[in-house]
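**Student:** Got a structure here, written out as structure tokens. Questions coming.
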Amino acid sequence: RAYRQKLAEKLRRRELPLGARYHVFVDPPGPKIGNGGSTLHVLQCLEDLYGDKWTSFIVLLIHSGGYSQRLPNASALGKIFTALPFGDPIYQMLELKLAMYIDFPSHMKPGILITCSDDIELYSTGLTETVTFDKPGFTALAHPSDLTVGTTHGVFVLDPSGFSGKGGLEYMSCHHFLHKPDVETMRQCGAVCLRGNTSQLSSSGDHSDSEMDSECVYTDSIFYMDHSVAKQLLTFYKQMGTLCCEIDAYGDFLQALGPGATQDYTKNTSNVTKEESRLVEVRQKLYSLLKGTALNVIVLNNSKFYHIGTTQEYLFHFTSDSKLKFELDLLPVAFSTFSDKAKTLDQSASIIQSILEPGCFIGPGSIIEYSRIGPEVSVGKNSIISGSHISLKVDVPSNCFLSSLSVKINDQVKYVSMVFSVEDDLKKSVKLLSDIHSLQFFGVSLLECLGLWGVKVSDQLFSSENTRLGLWTARIFPVCSTLSESVTMSLKMLNSVQHMSAYKLNGFKLLSVEEMLTYKDVEDMLKFRKQIYDEICLQRRKEKSDL
């Protein structure tokens, strides 16, 4: 519902192309099915809506679900609506995606182009070079990357014959696809190339430093499949009935392709978050279905793939002198108001659709989005503040992550603010209550923090029904009646941990981040953003009339 509301609002403001059809499809109820399962489900939804006509469509499929545990300010409204520090009004990831891919449809046969919502692909090609998706089977974009980047992405093993590595763009066939391989596997399989003379595949022998510097692999980003493949996959989905395991669109579709593919990967579950009993069987069926299908690769030699899926990546790309900041001309202040009387605003800070009142201070390398910062507020360096109203005199420490949500409990709108260190691991969990001392909150054992807050360790401490005991499921954040009160409470909790002084949470209903997302009130959160939007517009009109 949140996604549909956001889309309707953007279309009403004419911030999106009006000629396209937009759909939001939700995974079927039941176990998680991964982005591969979601892809299959979308094909089913398209057929249900349009009958056979769907096979004549050009479809951009953006996977934008997931909990976003590594960038929790995107958890409530989705990564695809992550705000970017440019545009007037500001761009979100959705508009950037559509702008980046604007030339593709006119050079694409009917089919499905699949992408994620937390990556950015920038490239340049020659004037006469065009990215074209018109070949049967699968076609993927490939970007030159360091070997370390290859260990966390898909890597293409390219056919070296006829591959120069020069020019902006080359069309290649892929021998086979490696999913998050280690460096040794990349070398053994012949995936490592030398920059500048890329056709010369590097051997696995000794390397001097200068040779090591010039090594690269070609990594994945978005990929396309034609409708004959899409129809095969839809038939497979119908035959399976209900999926009861997570399928990865990259790992489980692409590893089956190319002449060098083997089914060894079907039994490798090291990259899987939760191993289901049927995963190997489903992978083997997919391998049998897709084996022999071509994997075409469009090698973009002058390109860069950026991932903005973690707090560290978010801070780095938006606030440091990153290449992305330079290439997209990201602004220190985007669609925001702040008075000349605001104290020094460091150029490395990033202010996005926010109101900074006179007298506040924002430290270097911090990001403020969709927030109102009061006159006596000081924010340290490398912090993230999202959807918050900080009204009282307070010092927000450095490396602080603060994000506020509206929640609806018993038909009443309330507010909860989560606070962590930008380095805290919200994905980490333990199975036993006796192990929660190993969980860290702002560098301090969670067990110590609970003692300072007067929170009892019991089975009721965590919202998760199974054995996922971690910061994501810990019921530690107080429910408050106003937004600014919830921010104040959470900052006091953090202050008690930093100064090792007790701050009891007695009498408050406490929620985990997991529960905050269950109870989230999207309408109220969007209303707060709209208030900020309207106030900024009003302020600008006033400034214009004063001139």
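By order of appearance in the structure tokens: chains A, B, ..., then residues from 1 within every chain, and ligands from 1 in the order shown.
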Determine, counting only C-alpha atoms, which protein, DNA and RNA residues have an atom within 7 Å of an atom of A:Ile112; residues of the same chain fewer than 4 positions away are not included. Present the result as a short mmCIF file (atom, residue, chain, number, x, y, z; two decimals) with C-alpha atoms, in the first residue's frame.

**Tutor:**
```cif
data_model
loop_
_atom_site.label_atom_id
_atom_site.label_comp_id
_atom_site.auth_asym_id
_atom_site.auth_seq_id
_atom_site.Cartn_x
_atom_site.Cartn_y
_atom_site.Cartn_z
CA ILE A 58 8.66 -4.28 -22.53
CA VAL A 59 8.82 -4.64 -18.72
CA LEU A 60 11.16 -3.01 -16.22
CA LEU A 61 11.05 -5.13 -13.06
CA TYR A 224 17.28 -8.89 -19.53
CA MET A 225 15.42 -12.02 -20.59
CA ASP A 226 13.36 -12.36 -23.73
#
```

**Student:** Identify, on the basis of only C-alpha atoms, every residue whose closest approach to A:Asp524 does not exceed 9 Å; exclude the query and any residue fewer than 6 positions from it along the same chain; express the result as a CSV table (one decimal) with C-alpha atoms, in the first residue's frame.

**Tutor:**
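The resulting file, part06.csv, is reproduced below:
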```
chain,number,residue,atom,x,y,z
A,405,LEU,CA,8.5,5.9,12.4
A,406,SER,CA,4.8,6.6,12.9
A,407,VAL,CA,3.0,3.4,14.2
A,413,VAL,CA,-1.1,7.0,15.9
```

**Student:** With 12 Å as the cut-off and only C-alpha atoms counted, what is the closest atom pair between each nearby residue of stretch 42-82 of chain A and stretch 369-382 of chain A? Distances in Å to one decimal, ordered by chain and number, as JSON lines.

**Tutor:**
```
{"residue": "A:Asn73", "atom": "CA", "partner": "A:Glu369", "partner_atom": "CA", "distance": 9.4}
{"residue": "A:Ala74", "atom": "CA", "partner": "A:Glu369", "partner_atom": "CA", "distance": 11.2}
{"residue": "A:Thr82", "atom": "CA", "partner": "A:Glu369", "partner_atom": "CA", "distance": 9.8}
```

**Student:** Which residues are near stretch 99-106 of chain A? Cut-off 8 Å, only C-alpha atoms, ignore same chain within fewer than 6 positions. Put them as a VMD selection string.

**Tutor:** chain A and resid 58 121 to 122 131 to 133

**Student:** Run DSSP on the backbone and grab whatever in stretch 309-416 of chain A lands in alpha helix (DSSP H); send it over as a PDB file with N, CA, C and O atoms, in the first residue's frame.

**Tutor:**
```
ATOM      1  N   THR A 311      24.602   1.481   5.571  1.00  0.00           N
ATOM      2  CA  THR A 311      24.822   2.819   6.138  1.00  0.00           C
ATOM      3  C   THR A 311      26.192   3.365   5.704  1.00  0.00           C
ATOM      4  O   THR A 311      26.320   4.551   5.393  1.00  0.00           O
ATOM      5  N   GLN A 312      27.204   2.498   5.659  1.00  0.00           N
ATOM      6  CA  GLN A 312      28.554   2.955   5.308  1.00  0.00           C
ATOM      7  C   GLN A 312      28.620   3.406   3.850  1.00  0.00           C
ATOM      8  O   GLN A 312      29.232   4.431   3.520  1.00  0.00           O
ATOM      9  N   GLU A 313      27.989   2.636   2.940  1.00  0.00           N
ATOM     10  CA  GLU A 313      27.969   3.019   1.525  1.00  0.00           C
ATOM     11  C   GLU A 313      27.195   4.327   1.329  1.00  0.00           C
ATOM     12  O   GLU A 313      27.592   5.198   0.552  1.00  0.00           O
ATOM     13  N   TYR A 314      26.089   4.441   2.034  1.00  0.00           N
ATOM     14  CA  TYR A 314      25.213   5.618   1.965  1.00  0.00           C
ATOM     15  C   TYR A 314      25.991   6.865   2.392  1.00  0.00           C
ATOM     16  O   TYR A 314      26.002   7.886   1.701  1.00  0.00           O
ATOM     17  N   LEU A 315      26.672   6.782   3.528  1.00  0.00           N
ATOM     18  CA  LEU A 315      27.469   7.908   4.025  1.00  0.00           C
ATOM     19  C   LEU A 315      28.622   8.221   3.073  1.00  0.00           C
ATOM     20  O   LEU A 315      28.876   9.384   2.738  1.00  0.00           O
ATOM     21  N   PHE A 316      29.312   7.191   2.618  1.00  0.00           N
ATOM     22  CA  PHE A 316      30.483   7.402   1.755  1.00  0.00           C
ATOM     23  C   PHE A 316      30.095   8.090   0.448  1.00  0.00           C
ATOM     24  O   PHE A 316      30.680   9.109   0.064  1.00  0.00           O
ATOM     25  N   HIS A 317      29.085   7.562  -0.238  1.00  0.00           N
ATOM     26  CA  HIS A 317      28.745   8.088  -1.565  1.00  0.00           C
ATOM     27  C   HIS A 317      28.102   9.476  -1.514  1.00  0.00           C
ATOM     28  O   HIS A 317      28.256  10.272  -2.429  1.00  0.00           O
ATOM     29  N   PHE A 318      27.372   9.775  -0.432  1.00  0.00           N
ATOM     30  CA  PHE A 318      26.656  11.045  -0.378  1.00  0.00           C
ATOM     31  C   PHE A 318      27.466  12.174   0.262  1.00  0.00           C
ATOM     32  O   PHE A 318      27.144  13.344   0.060  1.00  0.00           O
ATOM     33  N   THR A 319      28.470  11.839   1.078  1.00  0.00           N
ATOM     34  CA  THR A 319      29.138  12.902   1.835  1.00  0.00           C
ATOM     35  C   THR A 319      30.633  13.031   1.568  1.00  0.00           C
ATOM     36  O   THR A 319      31.182  14.110   1.726  1.00  0.00           O
ATOM     37  N   LYS A 323      33.345   9.355  -6.283  1.00  0.00           N
ATOM     38  CA  LYS A 323      33.153   9.504  -7.732  1.00  0.00           C
ATOM     39  C   LYS A 323      31.672   9.688  -8.044  1.00  0.00           C
ATOM     40  O   LYS A 323      31.303  10.452  -8.930  1.00  0.00           O
ATOM     41  N   LEU A 324      30.831   8.964  -7.310  1.00  0.00           N
ATOM     42  CA  LEU A 324      29.392   9.066  -7.552  1.00  0.00           C
ATOM     43  C   LEU A 324      28.906  10.497  -7.287  1.00  0.00           C
ATOM     44  O   LEU A 324      28.120  11.054  -8.060  1.00  0.00           O
ATOM     45  N   LYS A 325      29.396  11.085  -6.211  1.00  0.00           N
ATOM     46  CA  LYS A 325      29.002  12.455  -5.860  1.00  0.00           C
ATOM     47  C   LYS A 325      29.380  13.412  -6.994  1.00  0.00           C
ATOM     48  O   LYS A 325      28.608  14.304  -7.368  1.00  0.00           O
ATOM     49  N   PHE A 326      30.558  13.186  -7.564  1.00  0.00           N
ATOM     50  CA  PHE A 326      31.032  14.029  -8.662  1.00  0.00           C
ATOM     51  C   PHE A 326      30.211  13.780  -9.940  1.00  0.00           C
ATOM     52  O   PHE A 326      29.768  14.712 -10.603  1.00  0.00           O
ATOM     53  N   GLU A 327      29.977  12.496 -10.253  1.00  0.00           N
ATOM     54  CA  GLU A 327      29.317  12.154 -11.520  1.00  0.00           C
ATOM     55  C   GLU A 327      27.844  12.569 -11.539  1.00  0.00           C
ATOM     56  O   GLU A 327      27.317  12.957 -12.575  1.00  0.00           O
TER      57      GLU A 327
END
```

**Student:** Just the residues within 7 Å of A:Tyr519, please, counting only C-alpha atoms, with nothing from its chain fewer than 3 positions along; format it as a list of chain:residue names.

**Tutor:**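 Non-adjacent residues within range: A:Val407, A:Lys408, A:Ile409, A:Glu515, A:Met516.
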
**Student:** Generate a file of the selected residues that holds all heavy atoms, formatted as a compact mmCIF listing (two decimals), in the first residue's frame.

**Tutor:**
```txt
# COMPACT_ATOMS: atom_id res chain seq x y z
N VAL A 407 3.59 4.78 14.09
CA VAL A 407 3.00 3.44 14.20
C VAL A 407 1.53 3.59 14.61
O VAL A 407 1.15 4.58 15.23
CB VAL A 407 3.76 2.56 15.23
CG1 VAL A 407 5.16 2.25 14.76
CG2 VAL A 407 3.80 3.21 16.61
N LYS A 408 0.74 2.61 14.23
CA LYS A 408 -0.67 2.63 14.63
C LYS A 408 -0.92 1.45 15.55
O LYS A 408 -0.78 0.29 15.13
CB LYS A 408 -1.58 2.58 13.41
CG LYS A 408 -3.03 2.98 13.73
CD LYS A 408 -3.85 3.20 12.47
CE LYS A 408 -4.04 4.66 12.17
NZ LYS A 408 -4.94 4.92 11.04
N ILE A 409 -1.27 1.74 16.79
CA ILE A 409 -1.54 0.69 17.79
C ILE A 409 -2.92 0.95 18.37
O ILE A 409 -3.20 2.06 18.86
CB ILE A 409 -0.45 0.69 18.89
CG1 ILE A 409 0.93 0.40 18.26
CG2 ILE A 409 -0.76 -0.33 19.97
CD1 ILE A 409 2.10 0.57 19.19
N GLU A 515 8.87 -5.02 14.90
CA GLU A 515 7.48 -4.66 15.22
C GLU A 515 7.13 -3.26 14.72
O GLU A 515 6.00 -3.00 14.30
CB GLU A 515 7.26 -4.74 16.74
CG GLU A 515 7.22 -6.16 17.25
CD GLU A 515 7.16 -6.24 18.77
OE1 GLU A 515 7.86 -5.46 19.44
OE2 GLU A 515 6.41 -7.08 19.28
N MET A 516 8.09 -2.35 14.77
CA MET A 516 7.84 -1.00 14.26
C MET A 516 7.39 -1.06 12.79
O MET A 516 6.49 -0.33 12.38
CB MET A 516 9.12 -0.14 14.37
CG MET A 516 9.45 0.26 15.79
SD MET A 516 11.19 0.75 16.03
CE MET A 516 11.27 2.30 15.20
```

**Student:** Compile the contact shell of stretch 536-540 of chain A as a ChimeraX atom specification: residues with an atom at most 7 Å away, counting only C-alpha atoms, same-chain residues fewer than 4 positions apart removed.

**Tutor:** /A:336-337,532,544

**Student:** Restrict the selected residues to N, CA and C atoms and save them as a PDB file, in the first residue's frame.

**Tutor:**
```pdb
ATOM      1  N   SER A 336      15.889  21.946   0.593  1.00  0.00           N
ATOM      2  CA  SER A 336      15.801  22.124   2.043  1.00  0.00           C
ATOM      3  C   SER A 336      15.854  23.611   2.359  1.00  0.00           C
ATOM      4  N   THR A 337      15.478  23.972   3.569  1.00  0.00           N
ATOM      5  CA  THR A 337      15.641  25.361   3.992  1.00  0.00           C
ATOM      6  C   THR A 337      16.514  25.398   5.233  1.00  0.00           C
ATOM      7  N   ILE A 532       6.756  19.061   5.537  1.00  0.00           N
ATOM      8  CA  ILE A 532       8.088  19.628   5.286  1.00  0.00           C
ATOM      9  C   ILE A 532       8.154  20.159   3.847  1.00  0.00           C
ATOM     10  N   LYS A 544      11.112  34.504  -2.971  1.00  0.00           N
ATOM     11  CA  LYS A 544      10.975  35.077  -4.317  1.00  0.00           C
ATOM     12  C   LYS A 544      10.243  36.410  -4.259  1.00  0.00           C
TER      13      LYS A 544
END
```

**Student:** If I take atom CA of A:Thr125 and atom CA of A:Ser164, how far is one from the other in Å, to one decimal?

**Tutor:**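 One can read the atom CA of A:Thr125 to atom CA of A:Ser164 distance as 15.1 Å.
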
**Student:** Near A:Thr262, counting only C-alpha atoms, which residues have an atom at most 9 Å away, once you skip same-chain residues fewer than 3 positions from it, shown as a list in words?

**Tutor:**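 Neighbouring residues, sequence-local ones excluded: His176, Gln255, Ala256, Leu257, Pro259, Tyr265, Thr266, Tyr287 and Lys291 of chain A.
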
**Student:** A:Thr139, A:Leu392, A:Val444, A:Val157: which is nearest A:Thr293, counting only C-alpha atoms?

**Tutor:**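 Between A:Thr139, A:Leu392, A:Val444, A:Val157, the residue approaching A:Thr293 most closely is A:Thr139.
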
**Student:** Give me, as a ChimeraX atom specification, all polymer residues having an atom no more than 6 Å from stretch 43-57 of chain A, counting only C-alpha atoms and skipping those fewer than 2 positions away in the same chain.

**Tutor:** /A:40-41,59,110,227

**Student:** Write the residues of the preceding selection, restricted to C-alpha atoms, as a PDB file, in the first residue's frame.

**Tutor:**
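Here's the written file part-v1.pdb:
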```pdb
ATOM      1  CA  LEU A  40       8.336 -15.745 -11.269  1.00  0.00           C
ATOM      2  CA  HIS A  41       5.388 -14.422  -9.256  1.00  0.00           C
ATOM      3  CA  VAL A  59       8.818  -4.642 -18.723  1.00  0.00           C
ATOM      4  CA  PRO A 110       9.685  -7.336 -25.795  1.00  0.00           C
ATOM      5  CA  HIS A 227       9.749 -13.547 -23.613  1.00  0.00           C
TER       6      HIS A 227
END
```

**Student:** Write down as a list in words the residues of stretch 114-145 of chain A whose backbone DSSP state falls under strand (DSSP E).

**Tutor:**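 The strand (DSSP E) subset of stretch 114-145 of chain A is Ile114, Thr115, Cys116, Asp119, Ile120, Glu121, Leu122, Tyr123, Phe138, Thr139, Ala140, Leu141, Ala142, His143, Pro144 and Ser145 of chain A.
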
**Student:** Measure the distance from atom CA of A:Glu246 to atom CA of A:Met418 in Å and round it to one decimal.

**Tutor:**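 Between atom CA of A:Glu246 and atom CA of A:Met418 the gap works out to 28.7 Å.
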
**Student:** Pick the closest to A:Ala76 from A:Val513, A:Leu547, A:Leu289, A:Leu331: which is it, counting only C-alpha atoms?

**Tutor:**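 Checking each candidate against A:Ala76, we get A:Val513 as the closest.
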